[in-house]
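Colleague: Quick one: the structure is below, questions incoming.
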Amino acid sequence: MELTRRETMLGALVTGVAASMPAQAKVPLSDKPAPGYYRYRVGEIEITAVNDGVSAMPITDDFVRNVSKAEVNKTLESLFMAPNVYAGPYNPILINTGRQLALVDTGTGEAGFTSSNGINGRLMLSLAAAGVDPKDIDVVIISHYHGDHINGLIKADGSLAFPNAEIAAPLDEHRFWMDDNEMSRAATPRIDATFKNARRVMTPDVLKRIRPYEAGKEVIAGVTAVSTPGHTPGHMSLVVASGSKSVYVQGDVTHAPWLFARNPGWHFMLDVDPVAAEATRRKVYDMLVAERMAVQGFHYPFPALGHVERTSTGYREVLVQWSPVL
Ligand SMILES: [Zn+2]
């Protein structure tokens, strides 16, 4: 039976007439968002997605360089999302191999938490909820040098957020963003700001801990780097494999999949080389479809794990269902 609007309103009225109910719930409204972590296994390896919150970017005219703002808004509307704003999720992950505990990407950090009023920079809250002390992280693996991936390396006072961790950074990525000549050639103010931010985060203490890594090699046992350039010049993805199981940790091969996996030809404003980024995106997603391989996406909706299928216009994400079983 279908409820009419009138019947629904009457129902609400009847519920409201429970006069004998106490005036106040025994538990007050918490008024606090929950931290988020989600754990699963890849063979012998344990992965924990640890949420860092979301961005809140205005949809500018160049948000998608080759598509109008009106079309982006139309897409958001079709997905029941508010227009004119992009709420892109941030989801670092922990990889525990049993021998080492690694964190992949760091979110926007303590300074981001303050400046965003806690809508991002939430990693420390999620780590605490997951029972992980930042001091116990052995290695931080960075996918690329955008602020939402590196800013969390340092606290608001500039000290190390993960004081006992080495920092595995893509060799080409580090070279590019730390190169003064490249900085002098920055094509846009946005790219120039990324150069300056990388220098802010790469304090002497951070630089001392950097261990460059390269494609085709293991960063730690069971975690192999794959070159996925375009979003940034040295952008890396990771394949975590154990026994017959594996997951593709894609970094920013796509941003939010409901926009950029479904429309792989859309050129996102933060892609440094949009043509290369699109080529990488199509290559990686064709592989994910063909191999039916699980993908962990930094900007996927939490817990940021799923599969992808092909559609007439590109790809569509099929997200995991919450499982209480590892
Ligand atoms: Zn990102």
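Residues are referred to by chain and number: the chain letter is A, B, ... according to the order shown in the structure tokens, the number counts from 1 in that chain, and ligands are numbered separately from 1 in the order shown.
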Applying 7 Å and only C-alpha atoms, which residues near segment 243-256 of chain A remain after dropping the ones on its own chain fewer than 6 positions away? List them as a PDB file with C-alpha atoms, in the first residue's frame.
Modeller:
ATOM      1  CA  VAL A  42      43.497  -9.540   1.944  1.00  0.00           C
ATOM      2  CA  GLY A  43      44.861 -13.035   2.497  1.00  0.00           C
ATOM      3  CA  GLY A  88      34.875  14.581  -1.670  1.00  0.00           C
ATOM      4  CA  SER A 143      50.713   8.183  -3.162  1.00  0.00           C
ATOM      5  CA  THR A 228      49.747   5.861 -12.462  1.00  0.00           C
ATOM      6  CA  HIS A 231      46.803  13.343 -11.669  1.00  0.00           C
ATOM      7  CA  SER A 237      49.008   3.290  -6.891  1.00  0.00           C
ATOM      8  CA  ARG A 281      42.147   6.121 -15.542  1.00  0.00           C
ATOM      9  CA  MET A 293      39.723  -6.814  -8.873  1.00  0.00           C
ATOM     10  CA  ALA A 294      38.685  -4.962  -5.708  1.00  0.00           C
ATOM     11  CA  VAL A 295      39.667  -1.293  -5.535  1.00  0.00           C
ATOM     12  CA  GLN A 296      40.337   0.891  -2.515  1.00  0.00           C
ATOM     13  CA  GLY A 297      39.897   4.554  -3.474  1.00  0.00           C
ATOM     14  CA  PHE A 298      41.080   7.464  -1.333  1.00  0.00           C
ATOM     15  CA  HIS A 299      38.153   9.592  -2.535  1.00  0.00           C
ATOM     16  CA  TYR A 300      35.569   6.785  -2.592  1.00  0.00           C
TER      17      TYR A 300
END
Colleague: Fewer than 3 positions away in the same chain doesn't count, so skip those; otherwise give me all residues within 9 Å of Asn164 of chain A, counting only C-alpha atoms, as a PDB file with N, CA and C atoms, in the first residue's frame.
Modeller:
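Below you can see part_23.pdb, which holds the result:
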ATOM      1  N   PRO A 134      49.551   6.522  16.806  1.00  0.00           N
ATOM      2  CA  PRO A 134      50.395   6.995  15.686  1.00  0.00           C
ATOM      3  C   PRO A 134      51.877   6.639  15.863  1.00  0.00           C
ATOM      4  N   LYS A 135      52.312   6.509  17.106  1.00  0.00           N
ATOM      5  CA  LYS A 135      53.724   6.146  17.364  1.00  0.00           C
ATOM      6  C   LYS A 135      54.047   4.731  16.900  1.00  0.00           C
ATOM      7  N   ASP A 136      53.030   3.907  16.722  1.00  0.00           N
ATOM      8  CA  ASP A 136      53.254   2.507  16.355  1.00  0.00           C
ATOM      9  C   ASP A 136      53.260   2.274  14.847  1.00  0.00           C
ATOM     10  N   ILE A 137      53.089   3.342  14.081  1.00  0.00           N
ATOM     11  CA  ILE A 137      53.115   3.195  12.614  1.00  0.00           C
ATOM     12  C   ILE A 137      54.575   3.169  12.153  1.00  0.00           C
ATOM     13  N   ASP A 138      54.926   2.085  11.427  1.00  0.00           N
ATOM     14  CA  ASP A 138      56.325   1.880  11.015  1.00  0.00           C
ATOM     15  C   ASP A 138      56.676   2.643   9.749  1.00  0.00           C
ATOM     16  N   VAL A 139      55.694   2.751   8.864  1.00  0.00           N
ATOM     17  CA  VAL A 139      55.979   3.413   7.587  1.00  0.00           C
ATOM     18  C   VAL A 139      54.720   4.121   7.087  1.00  0.00           C
ATOM     19  N   LEU A 160      56.492  16.018  13.790  1.00  0.00           N
ATOM     20  CA  LEU A 160      56.091  14.804  13.082  1.00  0.00           C
ATOM     21  C   LEU A 160      54.834  14.186  13.702  1.00  0.00           C
TER      22      LEU A 160
END
Colleague: Please extract the residues of segment 5-198 of chain A with a backbone DSSP assignment of helix (DSSP H, G or I) and present them as a PyMOL selection string.
Modeller: chain A and resi 5-16+69-78+109-115+123-129+134-136+147-153+171-177+180-184+189-198
Colleague: Name the residues in contact with Gln321 of chain A at a cut-off of 10 Å, using only C-alpha atoms, excluding same-chain residues fewer than 4 positions from it; report them as a ChimeraX atom specification.
Modeller: /A:303,305-306
Colleague: Keeping only C-alpha atoms, write the selected residues as a tab-separated table (two decimals), in the first residue's frame.
Modeller:
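Result file follows (selection02.tsv):
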chain	number	residue	atom	x	y	z
A	303	PRO	CA	34.89	2.55	3.65
A	305	LEU	CA	36.25	-0.26	-1.06
A	306	GLY	CA	34.42	-1.81	-3.97
Colleague: Which residues are close to segment 54-60 of chain A, i.e. within 12 Å by only C-alpha atoms, leaving aside same-chain residues fewer than 4 positions away? Reply as a compact mmCIF listing (two decimals) with N, CA and C atoms, in the first residue's frame.
Modeller:
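Contents of the output file out_5.txt:
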# COMPACT_ATOMS: atom_id res chain seq x y z
N GLY A 36 35.42 6.97 11.84
CA GLY A 36 35.10 5.82 10.99
C GLY A 36 36.32 4.96 10.72
N VAL A 64 35.32 20.85 -13.49
CA VAL A 64 35.64 19.89 -14.56
C VAL A 64 35.95 20.73 -15.78
N ARG A 65 37.21 20.63 -16.25
CA ARG A 65 37.67 21.59 -17.25
C ARG A 65 36.93 21.50 -18.57
N VAL A 67 33.77 20.21 -19.01
CA VAL A 67 32.32 20.03 -18.84
C VAL A 67 31.80 21.25 -18.09
N SER A 68 30.59 21.71 -18.45
CA SER A 68 30.08 22.93 -17.83
C SER A 68 29.66 22.67 -16.38
N LYS A 69 29.70 23.76 -15.61
CA LYS A 69 29.24 23.72 -14.22
C LYS A 69 27.79 23.23 -14.16
N ALA A 70 26.98 23.65 -15.14
CA ALA A 70 25.56 23.25 -15.17
C ALA A 70 25.44 21.73 -15.30
N GLU A 71 26.31 21.14 -16.12
CA GLU A 71 26.22 19.68 -16.29
C GLU A 71 26.67 18.95 -15.03
N VAL A 72 27.71 19.48 -14.37
CA VAL A 72 28.15 18.87 -13.10
C VAL A 72 27.02 18.95 -12.09
N ASN A 73 26.39 20.12 -11.99
CA ASN A 73 25.27 20.28 -11.05
C ASN A 73 24.10 19.36 -11.38
N LYS A 74 23.86 19.17 -12.68
CA LYS A 74 22.77 18.27 -13.09
C LYS A 74 23.08 16.84 -12.62
N LEU A 76 25.03 16.00 -10.06
CA LEU A 76 24.90 15.96 -8.60
C LEU A 76 23.43 15.83 -8.20
N ALA A 82 23.56 18.00 -3.08
CA ALA A 82 23.38 19.44 -3.20
C ALA A 82 24.21 19.97 -4.37
N PRO A 83 23.69 20.96 -5.10
CA PRO A 83 24.47 21.54 -6.19
C PRO A 83 25.54 22.50 -5.65
N ASN A 84 26.47 22.85 -6.52
CA ASN A 84 27.47 23.90 -6.26
C ASN A 84 28.52 23.55 -5.22
N VAL A 85 28.47 22.34 -4.67
CA VAL A 85 29.49 21.96 -3.69
C VAL A 85 29.90 20.52 -3.93
N TYR A 86 31.20 20.30 -3.81
CA TYR A 86 31.75 18.95 -3.98
C TYR A 86 32.23 18.47 -2.63
N ALA A 87 31.56 17.46 -2.10
CA ALA A 87 31.98 16.87 -0.83
C ALA A 87 32.73 15.59 -1.14
N GLY A 88 34.03 15.72 -1.29
CA GLY A 88 34.87 14.58 -1.67
C GLY A 88 35.43 13.91 -0.43
N PRO A 89 35.19 12.60 -0.27
CA PRO A 89 35.67 11.91 0.93
C PRO A 89 37.19 11.73 0.93
N TYR A 90 37.75 11.62 2.13
CA TYR A 90 39.18 11.34 2.32
C TYR A 90 39.31 10.07 3.14
N ASN A 91 39.96 9.06 2.56
CA ASN A 91 40.08 7.78 3.27
C ASN A 91 41.48 7.17 3.18
N PRO A 92 42.37 7.55 4.11
CA PRO A 92 43.64 6.83 4.22
C PRO A 92 43.37 5.38 4.64
N GLY A 107 45.73 12.36 4.93
CA GLY A 107 44.65 13.34 5.12
C GLY A 107 45.21 14.74 5.35
N THR A 108 44.36 15.62 5.83
CA THR A 108 44.73 17.04 5.87
C THR A 108 45.38 17.47 7.18
N GLY A 112 44.41 21.04 9.23
CA GLY A 112 43.18 20.91 8.43
C GLY A 112 41.96 20.72 9.31
N PHE A 113 42.13 19.97 10.38
CA PHE A 113 41.02 19.74 11.31
C PHE A 113 40.52 21.08 11.87
N SER A 115 41.15 24.22 10.62
CA SER A 115 40.67 25.19 9.62
C SER A 115 39.34 24.76 9.00
N SER A 116 39.04 23.46 9.01
CA SER A 116 37.78 22.98 8.40
C SER A 116 36.69 22.78 9.45
N ASN A 117 36.96 23.20 10.69
CA ASN A 117 36.01 22.94 11.78
C ASN A 117 35.69 21.46 11.92
N GLY A 118 36.72 20.63 11.70
CA GLY A 118 36.55 19.20 11.95
C GLY A 118 35.84 18.42 10.87
N ILE A 119 35.60 19.02 9.69
CA ILE A 119 34.99 18.20 8.64
C ILE A 119 36.05 17.37 7.92
N ASN A 120 37.31 17.77 8.02
CA ASN A 120 38.39 16.87 7.60
C ASN A 120 39.53 16.97 8.61
N GLY A 121 40.61 16.26 8.34
CA GLY A 121 41.68 16.17 9.34
C GLY A 121 41.29 15.26 10.50
N ARG A 122 40.40 14.33 10.23
CA ARG A 122 39.82 13.49 11.28
C ARG A 122 40.58 12.18 11.49
N LEU A 123 41.70 12.01 10.78
CA LEU A 123 42.43 10.74 10.82
C LEU A 123 42.78 10.30 12.25
N GLY A 147 47.94 18.16 -1.00
CA GLY A 147 47.83 18.44 0.43
C GLY A 147 46.99 17.44 1.20
N ASP A 148 45.90 16.94 0.57
CA ASP A 148 45.04 16.01 1.31
C ASP A 148 45.71 14.65 1.53
N HIS A 255 38.95 10.81 -8.78
CA HIS A 255 38.43 11.40 -7.54
C HIS A 255 37.12 10.69 -7.25
N ALA A 256 36.15 11.35 -6.63
CA ALA A 256 34.90 10.68 -6.26
C ALA A 256 34.35 9.89 -7.45
N PHE A 268 39.22 16.63 -14.33
CA PHE A 268 39.12 17.27 -13.01
C PHE A 268 40.18 18.36 -12.88
N MET A 269 39.79 19.46 -12.25
CA MET A 269 40.70 20.63 -12.17
C MET A 269 42.02 20.31 -11.47
N LEU A 270 42.04 19.30 -10.59
CA LEU A 270 43.27 19.00 -9.86
C LEU A 270 44.19 18.01 -10.59
N PHE A 298 40.95 6.43 -2.37
CA PHE A 298 41.08 7.46 -1.33
C PHE A 298 39.85 8.37 -1.29
N HIS A 299 39.31 8.69 -2.48
CA HIS A 299 38.15 9.59 -2.54
C HIS A 299 36.83 8.85 -2.78
N TYR A 300 36.82 7.54 -2.56
CA TYR A 300 35.57 6.79 -2.59
C TYR A 300 34.82 7.06 -1.29
N PRO A 301 33.49 6.83 -1.30
CA PRO A 301 32.75 6.96 -0.04
C PRO A 301 33.18 5.87 0.94
N PHE A 302 33.34 6.22 2.19
CA PHE A 302 33.78 5.30 3.23
C PHE A 302 32.94 4.02 3.24
Colleague: Within 10 Å of Arg99 of chain A, counting only C-alpha atoms, which residues show up once you throw out same-chain ones fewer than 4 positions away? Write them as a list in words, please.
Modeller: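 My list of contacting residues is Ile45, Asp138, Ile220 and Ala221 of chain A.
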Colleague: At a cut-off of 9 Å, using only C-alpha atoms, what residues contact Ile210 of chain A? Leave out same-chain residues fewer than 6 positions from it and give the result as a PyMOL selection string.
Modeller: chain A and resi 166-169
Colleague: Once you have the residues from the selection above, write them out as a PDB file, in the first residue's frame, restricted to N, CA and C atoms.
Modeller:
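What ended up in result_35.pdb:
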ATOM      1  N   GLU A 166      59.161   5.686   8.970  1.00  0.00           N
ATOM      2  CA  GLU A 166      59.836   6.198   7.782  1.00  0.00           C
ATOM      3  C   GLU A 166      58.747   6.599   6.793  1.00  0.00           C
ATOM      4  N   ILE A 167      59.109   7.454   5.843  1.00  0.00           N
ATOM      5  CA  ILE A 167      58.111   7.988   4.915  1.00  0.00           C
ATOM      6  C   ILE A 167      58.492   7.554   3.503  1.00  0.00           C
ATOM      7  N   ALA A 168      57.709   6.612   2.971  1.00  0.00           N
ATOM      8  CA  ALA A 168      57.984   6.117   1.625  1.00  0.00           C
ATOM      9  C   ALA A 168      57.274   7.034   0.637  1.00  0.00           C
ATOM     10  N   ALA A 169      58.058   7.670  -0.229  1.00  0.00           N
ATOM     11  CA  ALA A 169      57.511   8.661  -1.166  1.00  0.00           C
ATOM     12  C   ALA A 169      57.913   8.279  -2.591  1.00  0.00           C
TER      13      ALA A 169
END
Colleague: Please, what distance in Å, to one decimal, runs between atom CA of His146 of chain A and atom CA of Gly234 of chain A?
Modeller: 11.2 Å
Colleague: How far is it from atom CA of His149 of chain A to atom CA of Ser184 of chain A, in Å with one decimal?
Modeller: 23.0 Å
Colleague: Which value, in Å to one decimal, gives the distance between atom CA of Ser126 of chain A and atom CA of Val240 of chain A?
Modeller: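 Computing it gives 21.8 Å between the two atoms.
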Colleague: Residues of segment 202-273 of chain A in strand (DSSP E or B) according to DSSP, as a count of residues only?
Modeller: 25
Colleague: Please determine, counting only C-alpha atoms, which residue among A:Ile150, A:His267, A:Gly222, A:Phe176 has the shortest atom-to-atom distance to Gly98 of chain A.
Modeller: A:Gly222
Colleague: With only C-alpha atoms as the atoms that count, which of A:Pro274, A:Val104, A:Ser159, A:Asn66 lies nearest to Asn51 of chain A?
Modeller: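 Answer, going by the shortest atom-to-atom distance: A:Val104.
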Colleague: Between A:Ala49, A:Ala25, A:Leu101, A:Ile142, which has the minimum distance to ligand 1 (counting only C-alpha atoms and all ligand atoms)?
Modeller: A:Ile142
